[in-house]
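Chemist: What follows is upload23.cif; its format and atoms are mmCIF, C-alpha atoms and all ligand atoms.
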data_protein
loop_
_atom_site.label_atom_id
_atom_site.label_comp_id
_atom_site.auth_asym_id
_atom_site.auth_seq_id
_atom_site.Cartn_x
_atom_site.Cartn_y
_atom_site.Cartn_z
CA MET A 7 104.06 61.10 119.76
CA THR A 8 106.63 63.20 121.66
CA ASP A 9 105.15 65.21 124.52
CA LEU A 10 105.69 68.67 123.14
CA ARG A 11 105.61 70.64 126.38
CA THR A 12 108.34 68.42 127.82
CA TYR A 13 110.32 68.69 124.59
CA LEU A 14 110.02 72.47 124.50
CA LYS A 15 110.93 72.74 128.20
CA SER A 16 114.11 70.81 127.43
CA ILE A 17 115.07 73.50 124.88
CA TYR A 18 113.72 76.68 126.49
CA ASP A 19 114.33 77.34 130.20
CA ASN A 20 111.99 80.22 130.23
CA CYS A 21 108.22 80.09 129.70
CA VAL A 22 106.27 83.19 130.66
CA GLU A 23 102.49 83.24 130.44
CA ASP A 24 102.40 80.26 128.08
CA ILE A 25 105.01 81.58 125.64
CA PHE A 26 108.38 79.81 125.56
CA LEU A 27 111.11 82.43 125.37
CA SER A 28 114.48 81.91 123.74
CA GLY A 29 115.79 85.35 124.60
CA ARG A 30 115.99 86.07 120.87
CA SER A 31 113.40 88.50 119.61
CA GLY A 32 112.59 90.81 116.75
CA TYR A 33 109.72 92.80 115.34
CA TRP A 34 107.72 92.30 112.14
CA SER A 35 104.15 93.47 112.20
CA ASN A 36 101.48 95.34 110.30
CA LEU A 37 100.95 97.30 113.51
CA SER A 38 103.38 99.59 115.26
CA GLN A 39 104.43 98.68 118.81
CA VAL A 40 102.10 101.37 120.15
CA HIS A 41 99.16 100.04 118.16
CA ASN A 42 99.92 96.48 119.20
CA LYS A 43 99.84 97.58 122.83
CA GLU A 44 96.46 99.24 122.36
CA PHE A 45 95.18 96.20 120.53
CA LEU A 46 96.24 93.82 123.29
CA GLU A 47 94.39 95.99 125.83
CA ILE A 48 91.23 95.69 123.72
CA LEU A 49 91.72 91.92 123.55
CA LYS A 50 91.47 91.72 127.33
CA ASN A 51 87.84 92.83 127.15
CA LYS A 52 86.62 91.55 123.78
CA ASP A 53 86.70 88.31 121.87
CA CYS A 54 89.34 88.13 119.16
CA LYS A 55 87.03 88.63 116.19
CA SER A 56 85.28 91.65 117.70
CA ALA A 57 88.64 93.12 118.73
CA VAL A 58 90.02 92.76 115.20
CA LYS A 59 86.77 94.06 113.69
CA SER A 60 86.83 97.18 115.82
CA PHE A 61 90.57 97.90 115.84
CA MET A 62 91.83 96.72 112.44
CA PRO A 63 88.90 95.63 110.25
CA LYS A 64 91.05 95.45 107.13
CA PHE A 65 92.88 92.44 108.62
CA GLU A 66 89.79 90.48 109.58
CA GLU A 67 89.90 88.23 106.52
CA MET A 68 93.67 87.93 106.68
CA ILE A 69 93.37 86.54 110.20
CA PHE A 70 90.14 84.54 110.16
CA SER A 71 89.27 83.55 106.60
CA SER A 72 89.32 79.78 106.19
CA LYS A 73 90.27 80.43 102.56
CA ARG A 74 93.76 81.17 103.82
CA GLU A 75 94.07 77.54 104.85
CA ALA A 76 93.49 76.16 101.34
CA ALA A 77 97.12 75.11 100.81
CA LEU A 78 96.99 72.91 103.93
CA GLU A 79 94.87 70.52 101.89
CA LEU A 80 97.94 69.70 99.80
CA LEU A 81 99.41 67.96 102.85
CA ASP A 82 98.62 64.41 103.77
CA HIS A 83 96.69 64.57 107.06
CA ASN A 84 96.14 60.82 107.53
CA LYS A 85 98.28 60.73 110.61
CA LYS A 86 97.94 63.27 113.43
CA GLY A 87 101.42 64.67 113.87
CA ILE A 88 103.58 67.54 114.99
CA CYS A 89 103.70 70.70 112.92
CA ILE A 90 106.11 73.60 113.20
CA ASP A 91 104.70 76.83 111.79
CA TYR A 92 107.80 78.94 111.09
CA GLY A 93 106.99 82.66 111.30
CA ALA A 94 103.44 81.92 112.45
CA MET A 95 102.50 85.56 113.08
CA TRP A 96 98.77 85.83 113.97
CA GLY A 97 98.59 82.11 113.45
CA VAL A 98 96.04 81.51 110.72
CA LEU A 99 97.85 78.37 109.55
CA SER A 100 98.74 77.23 113.08
CA VAL A 101 95.03 77.34 113.86
CA GLY A 102 94.28 75.51 110.59
CA MET A 103 96.70 72.70 111.49
CA ALA A 104 95.51 72.56 115.11
CA LYS A 105 91.91 72.24 113.93
CA ARG A 106 92.97 69.33 111.73
CA GLY A 107 94.12 67.58 114.91
CA HIS A 108 97.88 68.17 114.83
CA GLU A 109 100.07 69.41 117.68
CA VAL A 110 101.47 72.76 116.57
CA ILE A 111 104.60 74.68 117.54
CA ALA A 112 103.99 78.26 116.42
CA VAL A 113 107.32 80.09 116.30
CA ASP A 114 107.77 83.77 115.71
CA LYS A 115 110.19 86.48 116.76
CA THR A 116 107.37 88.99 117.33
CA HIS A 117 105.97 88.62 120.84
CA ASP A 118 102.87 90.76 120.17
CA SER A 119 101.72 88.45 117.37
CA LEU A 120 102.19 85.36 119.53
CA ASN A 121 100.20 87.07 122.27
CA PHE A 122 97.28 87.46 119.88
CA LEU A 123 97.55 83.80 118.92
CA LYS A 124 97.53 82.90 122.61
CA PHE A 125 94.23 84.75 123.10
CA ARG A 126 92.79 83.15 120.00
CA SER A 127 93.84 79.58 120.84
CA LYS A 128 92.38 79.92 124.34
CA GLU A 129 89.14 81.32 122.99
CA GLU A 130 88.79 78.52 120.44
CA GLY A 131 89.77 75.82 122.95
CA LEU A 132 92.87 74.85 120.98
CA ASP A 133 95.23 73.56 123.64
CA ASN A 134 97.36 71.90 120.95
CA ILE A 135 99.12 75.14 119.90
CA HIS A 136 102.44 75.76 121.67
CA LEU A 137 103.92 79.23 121.37
CA VAL A 138 107.62 79.93 121.02
CA GLN A 139 109.32 83.26 120.63
CA ASP A 140 112.55 82.61 118.79
CA ASP A 141 114.57 83.59 115.77
CA ILE A 142 113.81 80.84 113.27
CA ARG A 143 117.31 81.19 111.83
CA GLU A 144 118.67 79.97 115.16
CA ILE A 145 116.19 77.29 115.98
CA GLU A 146 117.42 73.86 117.15
CA PHE A 147 114.57 71.42 116.55
CA LYS A 148 115.79 68.02 115.39
CA ASN A 149 113.80 65.16 113.78
CA ILE A 150 110.67 66.14 115.63
CA ALA A 151 108.11 67.38 113.11
CA ASP A 152 105.79 65.66 110.66
CA TYR A 153 104.98 68.98 109.04
CA ALA A 154 106.81 72.28 108.59
CA ILE A 155 105.06 75.38 107.31
CA VAL A 156 106.96 78.29 105.80
CA ASN A 157 104.23 80.55 104.48
CA GLY A 158 105.37 83.98 103.31
CA VAL A 159 108.47 83.77 105.46
CA LEU A 160 111.48 82.61 103.38
CA GLU A 161 111.86 86.02 101.73
CA TRP A 162 112.12 87.74 105.13
CA ILE A 163 114.89 85.49 106.44
CA PRO A 164 117.76 87.72 105.21
CA GLU A 165 116.12 90.88 106.58
CA LYS A 166 117.29 91.70 110.07
CA SER A 167 115.78 95.14 110.57
CA GLU A 168 112.67 95.69 112.65
CA ILE A 169 109.68 95.96 110.37
CA ILE A 170 106.41 97.81 110.62
CA VAL A 171 105.03 96.86 107.23
CA ASP A 172 103.56 100.17 106.02
CA GLU A 173 106.56 102.16 107.11
CA TYR A 174 108.91 99.62 105.58
CA LEU A 175 107.11 99.82 102.26
CA SER A 176 106.86 103.59 102.22
CA ASN A 177 109.66 105.27 100.40
CA SER A 178 111.17 106.97 103.41
CA ASN A 179 111.84 103.75 105.37
CA SER A 180 113.33 105.97 108.05
CA LYS A 181 111.27 104.59 110.90
CA SER A 182 111.88 100.88 110.43
CA LYS A 183 114.92 100.54 112.61
CA LYS A 184 118.01 98.98 111.17
CA SER A 185 119.29 96.65 113.83
CA THR A 186 122.36 95.39 112.05
CA ASP A 187 124.97 96.71 109.73
CA GLU A 188 123.91 95.14 106.42
CA ASN A 189 127.50 94.85 105.26
CA LYS A 190 128.15 92.33 108.02
CA LEU A 191 125.31 90.05 107.03
CA LYS A 192 125.70 86.95 104.92
CA LYS A 193 124.28 86.90 101.40
CA PRO A 194 120.47 86.48 101.32
CA ARG A 195 120.56 83.14 99.50
CA GLU A 196 123.11 81.75 101.96
CA MET A 197 120.90 82.77 104.88
CA GLN A 198 117.81 81.29 103.24
CA LEU A 199 119.64 78.05 102.50
CA ALA A 200 120.91 77.79 106.09
CA PHE A 201 117.35 78.33 107.33
CA LEU A 202 115.91 75.67 104.99
CA LYS A 203 118.57 73.23 106.20
CA LYS A 204 117.33 73.82 109.73
CA VAL A 205 113.75 73.25 108.61
CA HIS A 206 114.89 70.02 106.95
CA GLU A 207 116.65 68.93 110.14
CA SER A 208 113.54 69.63 112.20
CA LEU A 209 111.46 67.17 110.16
CA ASN A 210 111.32 63.47 110.87
CA LYS A 211 111.90 60.82 108.19
CA GLU A 212 108.50 61.12 106.53
CA GLY A 213 108.15 64.85 107.26
CA GLN A 214 106.56 67.23 104.76
CA LEU A 215 107.30 70.88 104.12
CA LEU A 216 104.65 73.31 102.87
CA LEU A 217 106.23 76.47 101.53
CA ALA A 218 104.53 79.42 99.84
CA ILE A 219 106.16 82.46 98.29
CA GLU A 220 105.70 84.94 95.46
CA ASN A 221 107.04 83.92 92.04
CA LYS A 222 109.78 86.34 90.98
CA LEU A 223 108.70 85.88 87.35
CA PHE A 224 105.02 86.66 88.01
CA TYR A 225 103.80 88.36 84.80
CA GLY A 226 102.49 91.23 86.96
CA TYR A 227 106.01 92.04 88.18
CA LEU A 228 107.31 91.88 84.60
CA MET A 229 104.62 94.42 83.67
CA GLY A 230 105.60 96.83 86.43
CA LYS A 231 103.60 95.78 89.48
CA PRO A 232 105.80 96.72 92.43
CA ASP A 233 107.77 94.12 94.33
CA PRO A 234 105.56 93.60 97.42
CA HIS A 235 108.56 93.44 99.76
CA VAL A 236 110.21 96.74 98.86
CA ASN A 237 107.49 98.49 96.87
CA LEU A 238 109.80 99.07 93.89
CA ARG A 239 109.27 98.02 90.31
CA PHE A 240 111.25 95.25 88.57
CA THR A 241 113.46 94.34 91.54
CA THR A 242 112.06 90.80 91.85
CA PHE A 243 113.51 89.58 88.57
CA LEU A 244 116.40 91.91 87.63
CA PRO A 245 119.90 90.61 88.34
CA ARG A 246 120.35 90.96 92.09
CA PHE A 247 123.19 93.47 91.83
CA ILE A 248 120.95 95.80 89.79
CA SER A 249 118.06 95.39 92.25
CA ASN A 250 120.57 96.20 94.96
CA ILE A 251 121.56 99.43 93.21
CA ILE A 252 117.89 100.38 92.74
CA CYS A 253 117.11 99.61 96.37
CA ARG A 254 120.10 101.52 97.66
CA PHE A 255 119.12 104.50 95.54
CA PHE A 256 115.44 104.61 96.53
CA LYS A 257 115.47 102.97 99.95
CA LYS A 258 119.01 103.61 101.17
CA LYS A 259 119.36 99.93 101.95
CA ASP A 260 120.33 96.64 100.34
CA TYR A 261 117.91 94.46 98.43
CA ARG A 262 117.61 91.42 100.68
CA THR A 263 114.08 90.02 100.37
CA HIS A 264 114.98 87.59 97.60
CA ILE A 265 112.25 85.56 95.95
CA TYR A 266 112.68 82.90 93.29
CA SER A 267 111.44 81.29 90.11
CA PHE A 268 110.15 77.71 90.24
CA ASN A 269 113.48 76.27 89.11
CA GLU A 270 115.61 78.37 91.41
CA LEU A 271 113.44 77.50 94.39
CA LYS A 272 113.58 73.78 93.65
CA ILE A 273 117.38 73.95 93.38
CA LEU A 274 117.52 75.75 96.74
CA LEU A 275 115.31 73.12 98.37
CA LYS A 276 117.37 70.27 96.93
CA GLU A 277 120.52 71.90 98.28
CA ALA A 278 118.81 72.05 101.67
CA GLY A 279 118.29 68.29 101.49
CA PHE A 280 114.68 67.92 100.35
CA THR A 281 114.02 65.07 97.96
CA GLN A 282 110.54 64.71 96.54
CA ILE A 283 109.48 68.22 95.59
CA ASP A 284 106.01 68.91 94.19
CA ASP A 285 105.36 72.42 92.96
CA TYR A 286 102.07 74.21 92.36
CA CYS A 287 100.97 77.41 90.64
CA CYS A 288 98.88 79.56 92.93
CA PHE A 289 96.36 82.27 91.95
CA PRO A 290 95.79 85.12 92.63
CA MET A 291 98.33 85.02 95.49
CA TYR A 292 99.25 82.55 98.22
CA HIS A 293 97.73 84.69 100.98
CA PHE A 294 94.25 83.87 99.65
CA PRO A 295 94.66 80.96 97.28
CA SER A 296 91.62 80.69 95.03
CA LEU A 297 93.15 78.36 92.47
CA VAL A 298 96.05 75.96 93.00
CA VAL A 299 97.15 73.66 90.17
CA PRO A 300 100.22 71.47 89.71
CA ASN A 301 103.06 73.17 87.88
CA SER A 302 102.87 70.97 84.80
CA ARG A 303 101.32 71.22 81.34
CA GLU A 304 98.49 69.04 82.49
CA GLY A 305 98.11 71.03 85.70
CA ILE A 306 97.87 74.41 84.03
CA SER A 307 95.30 73.07 81.58
CA LYS A 308 93.00 72.93 84.64
CA TYR A 309 93.30 76.72 84.90
CA GLU A 310 89.89 78.28 85.28
CA ILE A 311 88.43 81.65 86.20
CA TYR A 312 88.45 82.16 89.94
CA GLU A 313 87.26 84.71 92.43
CA ASN A 314 89.64 87.65 92.93
CA LYS A 315 88.30 90.29 95.26
CA ASP A 316 91.34 92.52 94.62
CA ILE A 317 90.15 93.29 91.10
CA ILE A 318 88.45 96.67 91.28
CA THR A 319 89.33 98.81 88.25
CA TRP A 320 88.72 97.99 84.56
CA LYS A 321 92.51 98.03 84.03
CA GLN A 322 92.98 95.39 86.72
CA ASN A 323 90.10 93.48 85.24
CA PHE A 324 91.77 93.54 81.85
CA ILE A 325 95.25 92.60 83.04
CA PHE A 326 94.54 90.21 85.85
CA LYS A 327 91.59 88.52 84.27
CA TYR A 328 91.63 88.51 80.49
CA PHE A 329 95.40 88.79 80.03
CA GLU A 330 95.98 86.10 82.62
CA ILE A 331 93.44 83.79 81.01
CA PHE A 332 95.22 84.25 77.68
CA LEU A 333 98.62 83.64 79.28
CA MET A 334 97.69 80.60 81.34
CA LYS A 335 94.88 78.94 79.47
CA TYR A 336 96.10 79.44 75.92
CA LEU A 337 99.86 79.97 76.17
CA LYS A 338 100.21 77.68 79.22
CA ALA A 339 102.84 80.09 80.54
CA ARG A 340 102.73 78.64 84.03
CA ASN A 341 106.21 79.82 84.99
CA PHE A 342 104.78 83.34 85.06
CA CYS A 343 101.99 82.58 87.55
CA PRO A 344 101.69 84.82 90.65
CA ALA A 345 102.85 82.54 93.41
CA ILE A 346 104.55 79.23 94.12
CA ILE A 347 103.45 76.59 96.59
CA ILE A 348 105.77 73.69 97.32
CA VAL A 349 105.15 70.44 99.10
CA ALA A 350 108.49 68.73 99.71
CA LYS A 351 109.48 65.59 101.57
CA LYS A 352 112.59 65.07 103.62
C1 LIG B 401 104.63 87.75 106.22
S1 LIG B 401 104.51 87.23 107.86
C2 LIG B 401 103.94 85.58 107.56
C3 LIG B 401 102.85 85.20 108.48
C4 LIG B 401 102.27 83.81 108.48
N1 LIG B 401 103.20 82.77 108.12
C5 LIG B 401 101.05 83.76 107.63
O1 LIG B 401 101.07 83.07 106.62
O2 LIG B 401 100.06 84.40 107.97
C6 LIG B 401 106.17 86.95 108.35
C7 LIG B 401 106.29 86.48 109.80
O3 LIG B 401 107.57 85.88 109.96
C8 LIG B 401 108.14 86.31 111.15
N2 LIG B 401 109.60 86.27 111.01
C9 LIG B 401 110.34 86.83 110.03
N3 LIG B 401 111.65 86.57 110.22
C10 LIG B 401 111.72 85.82 111.36
C11 LIG B 401 112.78 85.26 112.10
N4 LIG B 401 114.05 85.38 111.69
N5 LIG B 401 112.50 84.56 113.21
C12 LIG B 401 111.23 84.42 113.63
N6 LIG B 401 110.17 84.93 112.98
C13 LIG B 401 110.41 85.63 111.87
C14 LIG B 401 107.63 87.72 111.35
O4 LIG B 401 107.67 88.12 112.72
C15 LIG B 401 106.21 87.63 110.80
O5 LIG B 401 105.32 87.32 111.82
#
Can the structure in the file be given as C-alpha cells, please?
Ligand SMILES: C[S@@+](CC[C@H](N)C(=O)[O-])C[C@H]1O[C@@H](n2cnc3c(N)ncnc32)[C@H](O)[C@@H]1O

Modeler:
Amino acid sequence: MTDLRTYLKSIYDNCVEDIFLSGRSGYWSNLSQVHNKEFLEILKNKDCKSAVKSFMPKFEEMIFSSKREAALELLDHNKKGICIDYGAMWGVLSVGMAKRGHEVIAVDKTHDSLNFLKFRSKEEGLDNIHLVQDDIREIEFKNIADYAIVNGVLEWIPEKSEIIVDEYLSNSNSKSKKSTDENKLKKPREMQLAFLKKVHESLNKEGQLLLAIENKLFYGYLMGKPDPHVNLRFTTFLPRFISNIICRFFKKKDYRTHIYSFNELKILLKEAGFTQIDDYCCFPMYHFPSLVVPNSREGISKYEIYENKDIITWKQNFIFKYFEIFLMKYLKARNFCPAIIIVAKK
C-alpha cells in the first residue's frame, strides 16, 4: 500500500500541526467561527465527548453515534485499503473507516472541523487518519484510493459561500457571507459532475464509491416538508428555473444545492465514469440510517418499521409512519423514499 504521508507530502508542501494545507480554504459549519474558537479552547482541557456534551449536546449523536456508520457496511472491507472521505467534517465516517482498519484521508475546507477530528483521532489512538484542508473541487488525487466517501456533500459542491448552517437556513441569510458572484459560477450540475469525475480519478481500478444524499422526490418534500438545504418548500423537485426564482425571491440568492432522483443520480455517476452502480433506499434519512434496502421491487418488499427518534407529534407519526408504511410496503413506491445511498465501482 502507498505510504500516505509520503504521498500527501508530495502534493502538499505545507503541513502545520498535522494538517496538510493546500492554501485553499472555506467555511461550512454548524458553529460560527467564534463558537468554534471557544469549542477548541474547551477541547484543550476536556476529552472530545465531554467537550461536545458540555458545549453542543445536540450534536453528540451526530458526531459519535455508531449508527451513523451503518452505510459503511455496504462496502466490501475484505482488503485493508485507502479511503478518501470527501467533506469529512467532524469525521464520523473517517473514524468508522479507520476503525475498520483502512488508511483514511479526511479532506475538508473547514479547518476548525479538521481540528476537532485531529483531537478525536489522537484521543482514540487512530494514527491512520490523515487530515487535509483543501477544496475538494480542486483536489488532485489520482488512482490512489480503494474507497471514496461522499456523504452529504455532493449537494454543497456548487455552493461557494461561507456557511454557518443555522444562519444559512434562516430566511435572512444576511450573515452567511457570499464569497463569489453567483453569476460567474458554472451551473450546479456541471460543478457536481466535474467533482465526481475527480472522485472517479482518485479511485484505483477496483475502487468503490459510497455516496449518500437526499432524494429530491422524497414523499415528504412533495407534501411540503422544506428542502433541508434552503429551508423552502417544493424547491427540491420543481423545475430548477422555478426553484431559482423562489430562492431568489425568498433568499436573494440562486438555488444551487441541487439534489437528484435515483435515475438522475445514476445518469450523473455514469457520466462521471462509474460503471457498476448499486442503489439503495435509505430511511428515515442518511444521517442516521435505520433501514437500508436495495432499490428494487424485491428490496422494498423488505421494508419494515424502524426506529425514528425524530417522530414526536401525532401528525409526524401519521405521515412518517403510517403513510410511509402504506407507500412503501403496499404501493412499493420506492422512488419516493427519503434518501439515496449509492455504492459504485470505477
Ligand atoms: C453536510 S457536511 C457533511 C459531513 C460529513 N461528510 C458527514 O457525513 O458527517 C458537508 C461538509 O463538506 C465540506 N465541504 C463542502 N464543500 C466543500 C468543498 N468544496 N471542499 C471541501 N470541503 C467541502 C464542508 O466543510 C462540510 O464539512

Chemist: Please check which protein, DNA or RNA residues sit within 7 Å of ligand LIG 401 (chain B), counting all atoms listed in the file, and write them as a ChimeraX atom specification.

Modeler: /A:32-35,92-99,113-116,119,140-143,156-159,162-163,293

Chemist: Determine the axis-aligned bounding box of all atoms of range 98-110 of chain A present in the file, pad each side by 3 Å, and express its centre and edge lengths in Å to one decimal place as lines of an AutoDock Vina configuration file.

Modeler:
center_x = 96.7
center_y = 74.5
center_z = 113.6
size_x = 15.6
size_y = 19.9
size_z = 14.1

Chemist: For CA of Asp172 in chain A and CA of Asn36 in chain A, quote the distance in Å rounded to one decimal.

Modeler: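 So the answer is 6.8 Å.
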
Chemist: For Asp133 in chain A, which residue out of A:Ala104, A:Leu223, A:Ala154, A:Ile145 is the nearest one, using all atoms listed in the file?

Modeler: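 Smallest distance to Asp133 in chain A is found for A:Ala104.
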
Chemist: Can you tell me which residues surround Lys128 in chain A at a distance of at most 12 Å, considering all atoms listed in the file, apart from same-chain residues fewer than 4 positions away, and format the answer as a ChimeraX atom specification?

Modeler: /A:24,53-54,101,121-124,132-137

Chemist: The residues within 8 Å of (92.9, 92.7, 101.5), using only C-alpha atoms and the coordinates of the file, should be reported as a PyMOL selection string; which are they?

Modeler: chain A and resi 64-65+67-68+316

Chemist: As a PDB file with C-alpha atoms, keeping the file's coordinate frame, please: the residues near range 86-89 of chain A (cut-off 10 Å, only C-alpha atoms, same-chain neighbours under 6 positions excluded).

Modeler:
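This is the output file out-v9.pdb:
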ATOM      1  CA  MET A   7     104.060  61.100 119.760  1.00  0.00           C
ATOM      2  CA  THR A   8     106.630  63.200 121.660  1.00  0.00           C
ATOM      3  CA  ASP A   9     105.150  65.210 124.520  1.00  0.00           C
ATOM      4  CA  LEU A  10     105.690  68.670 123.140  1.00  0.00           C
ATOM      5  CA  SER A 100      98.740  77.230 113.080  1.00  0.00           C
ATOM      6  CA  MET A 103      96.700  72.700 111.490  1.00  0.00           C
ATOM      7  CA  ALA A 104      95.510  72.560 115.110  1.00  0.00           C
ATOM      8  CA  ARG A 106      92.970  69.330 111.730  1.00  0.00           C
ATOM      9  CA  GLY A 107      94.120  67.580 114.910  1.00  0.00           C
ATOM     10  CA  HIS A 108      97.880  68.170 114.830  1.00  0.00           C
ATOM     11  CA  GLU A 109     100.070  69.410 117.680  1.00  0.00           C
ATOM     12  CA  VAL A 110     101.470  72.760 116.570  1.00  0.00           C
ATOM     13  CA  ILE A 111     104.600  74.680 117.540  1.00  0.00           C
ATOM     14  CA  ALA A 112     103.990  78.260 116.420  1.00  0.00           C
ATOM     15  CA  ASN A 134      97.360  71.900 120.950  1.00  0.00           C
ATOM     16  CA  ILE A 135      99.120  75.140 119.900  1.00  0.00           C
ATOM     17  CA  ILE A 150     110.670  66.140 115.630  1.00  0.00           C
ATOM     18  CA  ALA A 151     108.110  67.380 113.110  1.00  0.00           C
ATOM     19  CA  ASP A 152     105.790  65.660 110.660  1.00  0.00           C
ATOM     20  CA  TYR A 153     104.980  68.980 109.040  1.00  0.00           C
ATOM     21  CA  ALA A 154     106.810  72.280 108.590  1.00  0.00           C
ATOM     22  CA  ILE A 155     105.060  75.380 107.310  1.00  0.00           C
ATOM     23  CA  SER A 208     113.540  69.630 112.200  1.00  0.00           C
ATOM     24  CA  LEU A 209     111.460  67.170 110.160  1.00  0.00           C
ATOM     25  CA  ASN A 210     111.320  63.470 110.870  1.00  0.00           C
ATOM     26  CA  GLY A 213     108.150  64.850 107.260  1.00  0.00           C
ATOM     27  CA  GLN A 214     106.560  67.230 104.760  1.00  0.00           C
ATOM     28  CA  LEU A 215     107.300  70.880 104.120  1.00  0.00           C
TER      29      LEU A 215
END

Chemist: When you draw a straight line from CA of Tyr13 in chain A to CA of Glu129 in chain A, how long is it in Å?

Modeler: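 Here the two named atoms are 24.7 Å from each other.
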
Chemist: In Å, how far is it from CA of Lys15 in chain A to CA of Leu46 in chain A?

Modeler: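 CA of Lys15 in chain A sits 26.2 Å away from CA of Leu46 in chain A.
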
Chemist: Here is a test: counting all atoms listed in the file, which residue of A:Asp91, A:Gln198, A:Ala218, A:Glu23 is nearest to Ala76 in chain A?

Modeler: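 Closest residue, counting all atoms listed in the file: A:Ala218.
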
Chemist: Find the spatial neighbours of Ser16 in chain A, counting all atoms listed in the file, within a cut-off of 12 Å - ignore same-chain residues fewer than 3 positions away - and output them as a list in words.

Modeler: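 Returned residues: Asp9, Leu10, Arg11, Thr12, Tyr13, Asp19, Asn20, Cys21, Phe26, Ser28, Glu146 and Phe147 of chain A.
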
Chemist: List every residue of range 245-340 of chain A that has an atom at most 10 Å from any atom of range 227-238 of chain A, and for each one report the closest atom pair and its distance in Å to one decimal, counting only C-alpha atoms, with rows sorted by chain and then by increasing residue number, as a Markdown table.

Modeler:
| residue | atom | partner | partner_atom | distance |
| --- | --- | --- | --- | --- |
| A:Ser249 | CA | A:Leu238 | CA | 9.2 |
| A:Ile252 | CA | A:Leu238 | CA | 8.3 |
| A:Cys253 | CA | A:Leu238 | CA | 7.7 |
| A:Phe256 | CA | A:Leu238 | CA | 8.3 |
| A:Lys257 | CA | A:Val236 | CA | 8.2 |
| A:Tyr261 | CA | A:Val236 | CA | 8.0 |
| A:Arg262 | CA | A:Val236 | CA | 9.3 |
| A:Thr263 | CA | A:His235 | CA | 6.5 |
| A:His264 | CA | A:His235 | CA | 9.0 |
| A:Ile265 | CA | A:His235 | CA | 9.5 |
| A:Ile325 | CA | A:Met229 | CA | 9.6 |

Chemist: Of the residues A:Met291, A:Leu217, A:Ile25, A:Ile283, which is the one nearest to Asn269 in chain A, using all atoms listed in the file?

Modeler: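 When distances to Asn269 in chain A are compared using all atoms listed in the file, the smallest one comes from A:Ile283.
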
Chemist: Taking all atoms listed in the file into account, which of A:Lys52, A:Lys204, A:Glu313, A:Leu27 comes nearest Leu120 in chain A?

Modeler: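 Among the listed residues, A:Leu27 lies closest to Leu120 in chain A.
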